[in-house]
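Notes for the one structure printed next.
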Amino acid sequence: MRLDRFLGNLPRFNRKQVRLLLIARRIKVDGQVTSDPLHEVREFSRVELDDELLQAGRAPRYFMLHKPMGCVSATVDLQHPTVLDLLDEPDKHDLHIAGRLDFNTSGLMLITNDGQWSRRLTQPITKLPKVYHVHTEQPISPEYAETFARGLYFAFEDLTTQPAHLEILDRCSARLSIVEGRYHQVKRMFGHFQNKVLTLHRESMGPLVLDPALAPGQYRHLTAEEIQQI
């Protein structure tokens, strides 16, 4: 949020006091003195008044996890292991999942404490493709690709899905790229043809591709380059 709004939200300062503090150049954001009321303050910004700390800056954290089947995309679950259980990291309660996967779906999962970053990754307006490898019970015909490209009507939500790209790999497997994340969307799309999805694996989200060196259940920090791609 804007610096003047951040300061104004503190109960000790009114608008006039905020304006005077900025004019007097008594505020520092991430170690730099600023008098700009529009200066952006993020959840990771360190904000100081003279030598008094108003907000302690936290380090943003970003992880890539190879989610195994049989693991819940949640921070807490009393019956099943969660993806956070797979992380050997301090302060795991500060982390959240960017783009959930179903219990029996495997593949790329991104975990962070940066809400702004995860919203850019998952909000529909960005239309970042999510690519899945799908294995089905029945053969996949070219008709699937044509139907998915037009969009499918989901009566429960009263909406038509965004166009999706299907690449048929062999008789019962394909690679599907979608830009949404509706409830059980991939399974419901193939269910339109009464074709059951047997396995579902997410390969990528936007420019971020699951590291082939990660076995199911393993994770690593994202690189600076990967973080900047979102």
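Residues in the structure tokens are numbered from 1 in each chain, the chains being A, B, ... in the order shown, and ligands are numbered from 1 in the order shown.
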
What lies within 10 Å of Leu214 (chain A) using only C-alpha atoms, ignoring chain neighbours under 3 positions off, as a list in words?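 Neighbouring residues, sequence-local ones excluded: Met64, Leu65, His66, Lys67, Gly107, Leu108, Leu210, Asp211, Gly217, Gln218, Tyr219 and Arg220 of chain A.
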
Using DSSP secondary structure from the backbone, list all helix (DSSP H, G or I) positions within region 166-195 of chain A, as a PyMOL selection string. chain A and resi 185-191

Please, could you write that set of residues out with N, CA and C atoms as an mmCIF file, in the first residue's frame?
```cif
data_model
loop_
_atom_site.group_PDB
_atom_site.id
_atom_site.type_symbol
_atom_site.label_atom_id
_atom_site.label_comp_id
_atom_site.auth_asym_id
_atom_site.auth_seq_id
_atom_site.Cartn_x
_atom_site.Cartn_y
_atom_site.Cartn_z
ATOM 1 N N GLN A 185 -11.428 -29.179 -12.622
ATOM 2 C CA GLN A 185 -11.698 -28.780 -14.004
ATOM 3 C C GLN A 185 -11.265 -29.813 -15.026
ATOM 4 N N VAL A 186 -10.047 -30.315 -14.934
ATOM 5 C CA VAL A 186 -9.546 -31.255 -15.943
ATOM 6 C C VAL A 186 -10.381 -32.527 -15.953
ATOM 7 N N LYS A 187 -10.678 -33.053 -14.790
ATOM 8 C CA LYS A 187 -11.479 -34.283 -14.707
ATOM 9 C C LYS A 187 -12.881 -34.055 -15.266
ATOM 10 N N ARG A 188 -13.423 -32.886 -15.026
ATOM 11 C CA ARG A 188 -14.767 -32.584 -15.542
ATOM 12 C C ARG A 188 -14.751 -32.396 -17.056
ATOM 13 N N MET A 189 -13.670 -31.844 -17.583
ATOM 14 C CA MET A 189 -13.564 -31.679 -19.031
ATOM 15 C C MET A 189 -13.547 -33.036 -19.729
ATOM 16 N N PHE A 190 -12.757 -33.952 -19.214
ATOM 17 C CA PHE A 190 -12.731 -35.294 -19.810
ATOM 18 C C PHE A 190 -14.014 -36.063 -19.473
ATOM 19 N N GLY A 191 -14.628 -35.719 -18.336
ATOM 20 C CA GLY A 191 -15.901 -36.337 -17.979
ATOM 21 C C GLY A 191 -17.010 -35.984 -18.957
#
```

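Shortest atom-to-atom contact with Lys130 (chain A) among A:Gly99, A:Gly8, A:Asp94, A:Tyr144: A:Gly99, counting only C-alpha atoms.
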
Check the DSSP output for the backbone and give back, as a VMD selection string, the residues of region 126-210 of chain A in strand (DSSP E). chain A and resid 130 to 136 153 to 154 159 to 160 165 to 170 173 to 178 197 to 205 208 to 209

Restricting it to N, CA and C atoms, dump the selection as an mmCIF file, in the first residue's frame.
```
data_model
loop_
_atom_site.group_PDB
_atom_site.id
_atom_site.type_symbol
_atom_site.label_atom_id
_atom_site.label_comp_id
_atom_site.auth_asym_id
_atom_site.auth_seq_id
_atom_site.Cartn_x
_atom_site.Cartn_y
_atom_site.Cartn_z
ATOM 1 N N LYS A 130 -1.527 -23.411 -17.338
ATOM 2 C CA LYS A 130 -1.161 -24.504 -16.433
ATOM 3 C C LYS A 130 -1.228 -25.781 -17.264
ATOM 4 N N VAL A 131 -0.111 -26.493 -17.326
ATOM 5 C CA VAL A 131 -0.009 -27.636 -18.228
ATOM 6 C C VAL A 131 -0.022 -28.932 -17.420
ATOM 7 N N TYR A 132 -0.891 -29.861 -17.855
ATOM 8 C CA TYR A 132 -1.072 -31.140 -17.169
ATOM 9 C C TYR A 132 -0.835 -32.297 -18.129
ATOM 10 N N HIS A 133 -0.231 -33.345 -17.595
ATOM 11 C CA HIS A 133 -0.162 -34.614 -18.315
ATOM 12 C C HIS A 133 -1.317 -35.475 -17.814
ATOM 13 N N VAL A 134 -2.146 -35.931 -18.729
ATOM 14 C CA VAL A 134 -3.380 -36.645 -18.388
ATOM 15 C C VAL A 134 -3.327 -38.062 -18.959
ATOM 16 N N HIS A 135 -3.674 -39.032 -18.129
ATOM 17 C CA HIS A 135 -3.819 -40.416 -18.601
ATOM 18 C C HIS A 135 -5.246 -40.859 -18.310
ATOM 19 N N THR A 136 -5.933 -41.354 -19.332
ATOM 20 C CA THR A 136 -7.365 -41.653 -19.209
ATOM 21 C C THR A 136 -7.667 -43.143 -19.366
ATOM 22 N N TYR A 153 -19.268 -25.823 -21.352
ATOM 23 C CA TYR A 153 -20.210 -25.200 -20.429
ATOM 24 C C TYR A 153 -20.296 -26.036 -19.156
ATOM 25 N N PHE A 154 -20.068 -25.390 -17.999
ATOM 26 C CA PHE A 154 -20.219 -26.023 -16.694
ATOM 27 C C PHE A 154 -21.502 -25.477 -16.063
ATOM 28 N N LEU A 159 -21.108 -21.253 -16.389
ATOM 29 C CA LEU A 159 -20.055 -20.569 -17.130
ATOM 30 C C LEU A 159 -19.481 -21.511 -18.187
ATOM 31 N N THR A 160 -18.819 -20.894 -19.157
ATOM 32 C CA THR A 160 -18.107 -21.654 -20.188
ATOM 33 C C THR A 160 -16.614 -21.476 -19.956
ATOM 34 N N HIS A 165 -5.910 -25.891 -24.783
ATOM 35 C CA HIS A 165 -5.170 -26.574 -25.853
ATOM 36 C C HIS A 165 -4.859 -28.010 -25.425
ATOM 37 N N LEU A 166 -5.226 -28.965 -26.269
ATOM 38 C CA LEU A 166 -4.977 -30.374 -25.993
ATOM 39 C C LEU A 166 -4.032 -30.946 -27.044
ATOM 40 N N GLU A 167 -2.967 -31.563 -26.572
ATOM 41 C CA GLU A 167 -2.021 -32.271 -27.438
ATOM 42 C C GLU A 167 -2.125 -33.769 -27.134
ATOM 43 N N ILE A 168 -2.623 -34.538 -28.084
ATOM 44 C CA ILE A 168 -2.766 -35.979 -27.877
ATOM 45 C C ILE A 168 -1.397 -36.636 -28.042
ATOM 46 N N LEU A 169 -0.974 -37.371 -27.009
ATOM 47 C CA LEU A 169 0.349 -37.988 -27.013
ATOM 48 C C LEU A 169 0.302 -39.429 -27.495
ATOM 49 N N ASP A 170 -0.681 -40.172 -27.048
ATOM 50 C CA ASP A 170 -0.909 -41.534 -27.550
ATOM 51 C C ASP A 170 -2.365 -41.886 -27.284
ATOM 52 N N SER A 173 -3.356 -40.914 -23.533
ATOM 53 C CA SER A 173 -2.675 -39.866 -22.771
ATOM 54 C C SER A 173 -2.557 -38.600 -23.611
ATOM 55 N N ALA A 174 -2.518 -37.465 -22.922
ATOM 56 C CA ALA A 174 -2.476 -36.167 -23.590
ATOM 57 C C ALA A 174 -1.859 -35.135 -22.669
ATOM 58 N N ARG A 175 -1.504 -34.013 -23.270
ATOM 59 C CA ARG A 175 -1.017 -32.863 -22.505
ATOM 60 C C ARG A 175 -2.041 -31.749 -22.683
ATOM 61 N N LEU A 176 -2.583 -31.269 -21.568
ATOM 62 C CA LEU A 176 -3.637 -30.252 -21.599
ATOM 63 C C LEU A 176 -3.137 -28.962 -20.984
ATOM 64 N N SER A 177 -3.375 -27.837 -21.679
ATOM 65 C CA SER A 177 -3.000 -26.520 -21.177
ATOM 66 C C SER A 177 -4.266 -25.703 -20.947
ATOM 67 N N ILE A 178 -4.476 -25.249 -19.716
ATOM 68 C CA ILE A 178 -5.640 -24.449 -19.367
ATOM 69 C C ILE A 178 -5.175 -23.171 -18.676
ATOM 70 N N VAL A 197 -10.399 -39.840 -15.833
ATOM 71 C CA VAL A 197 -8.977 -39.523 -15.704
ATOM 72 C C VAL A 197 -8.376 -40.451 -14.648
ATOM 73 N N LEU A 198 -7.373 -41.227 -15.057
ATOM 74 C CA LEU A 198 -6.737 -42.168 -14.135
ATOM 75 C C LEU A 198 -5.586 -41.520 -13.372
ATOM 76 N N THR A 199 -4.767 -40.751 -14.057
ATOM 77 C CA THR A 199 -3.692 -40.015 -13.386
ATOM 78 C C THR A 199 -3.612 -38.614 -13.969
ATOM 79 N N LEU A 200 -3.252 -37.668 -13.100
ATOM 80 C CA LEU A 200 -3.161 -36.266 -13.504
ATOM 81 C C LEU A 200 -1.919 -35.675 -12.852
ATOM 82 N N HIS A 201 -1.083 -35.051 -13.679
ATOM 83 C CA HIS A 201 0.206 -34.541 -13.197
ATOM 84 C C HIS A 201 0.437 -33.153 -13.776
ATOM 85 N N ARG A 202 0.648 -32.155 -12.906
ATOM 86 C CA ARG A 202 0.905 -30.793 -13.383
ATOM 87 C C ARG A 202 2.398 -30.624 -13.667
ATOM 88 N N GLU A 203 2.681 -30.235 -14.909
ATOM 89 C CA GLU A 203 4.057 -30.086 -15.351
ATOM 90 C C GLU A 203 4.583 -28.665 -15.184
ATOM 91 N N SER A 204 3.704 -27.676 -15.356
ATOM 92 C CA SER A 204 4.184 -26.294 -15.304
ATOM 93 C C SER A 204 3.047 -25.341 -14.962
ATOM 94 N N MET A 205 3.443 -24.163 -14.501
ATOM 95 C CA MET A 205 2.520 -23.041 -14.272
ATOM 96 C C MET A 205 3.181 -21.820 -14.884
ATOM 97 N N LEU A 208 7.128 -21.384 -15.165
ATOM 98 C CA LEU A 208 7.785 -22.227 -14.172
ATOM 99 C C LEU A 208 7.478 -23.694 -14.434
ATOM 100 N N VAL A 209 8.535 -24.467 -14.656
ATOM 101 C CA VAL A 209 8.416 -25.882 -15.009
ATOM 102 C C VAL A 209 8.963 -26.724 -13.862
#
```

Kindly give the distance, in Å, that separates CA of Pro37 (chain A) and CA of Arg61 (chain A), rounded to a single decimal. 27.6 Å

For Leu3 (chain A), which of A:Gln17, A:Ser106, A:Thr75, A:Thr34 is the closest residue, counting only C-alpha atoms?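 Of A:Gln17, A:Ser106, A:Thr75, A:Thr34, the one nearest Leu3 (chain A), counting only C-alpha atoms, is A:Thr34.
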
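Atom to atom, CA of Arg182 (chain A) and CA of Asp77 (chain A) stand 21.9 Å apart.
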
Residue nearest Gln55 (chain A) - candidates A:Val76, A:Ile27, A:Pro90, A:Thr223, atoms counted: only C-alpha atoms: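 Nearest candidate to Gln55 (chain A) out of A:Val76, A:Ile27, A:Pro90, A:Thr223: A:Ile27.
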
Using only C-alpha atoms, can you tell me which of A:Gln32, A:Gly206, A:Leu49, A:Ala24 comes closest to Leu7 (chain A)?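 Answer, going by the shortest atom-to-atom distance: A:Leu49.
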
Calculated over only C-alpha atoms, which of the candidates A:Glu180, A:Phe6, A:Glu89, A:Ile227 has the smallest distance to Thr126 (chain A)?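 Of all the options, A:Glu180 lies closest to Thr126 (chain A).
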
Give me, as number ranges by chain, all polymer residues having an atom no more than 7 Å from Arg25 (chain A), counting only C-alpha atoms and skipping those fewer than 4 positions away in the same chain. A: 21, 33-35

For the residues in the current selection, export N, CA and C atoms as a short mmCIF file (atom, residue, chain, number, x, y, z; two decimals), in the first residue's frame.
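Okay, selection-v2.cif is ready:
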```cif
data_model
loop_
_atom_site.label_atom_id
_atom_site.label_comp_id
_atom_site.auth_asym_id
_atom_site.auth_seq_id
_atom_site.Cartn_x
_atom_site.Cartn_y
_atom_site.Cartn_z
N LEU A 21 5.53 14.22 9.16
CA LEU A 21 6.63 13.24 9.26
C LEU A 21 7.33 13.07 7.92
N VAL A 33 15.67 6.96 3.36
CA VAL A 33 14.76 8.04 3.77
C VAL A 33 13.89 8.42 2.57
N THR A 34 12.58 8.58 2.83
CA THR A 34 11.68 8.97 1.76
C THR A 34 10.65 9.96 2.27
N SER A 35 10.30 10.92 1.43
CA SER A 35 9.22 11.86 1.75
C SER A 35 8.05 11.70 0.80
#
```

Quick one: residues within 7 Å of region 38-47 of chain A, only C-alpha atoms, excluding same-chain residues fewer than 2 positions away - as a PyMOL selection string? chain A and resi 1-4+28-30+36+53-60

Just the residues within 10 Å of Trp117 (chain A), please, counting only C-alpha atoms, with nothing from its chain fewer than 5 positions along; format it as a list of chain:residue names.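 So the residues in contact are A:Pro60, A:Tyr62, A:Ala98, A:Thr112, A:Thr122, A:Ile227, A:Gln228, A:Ile230.
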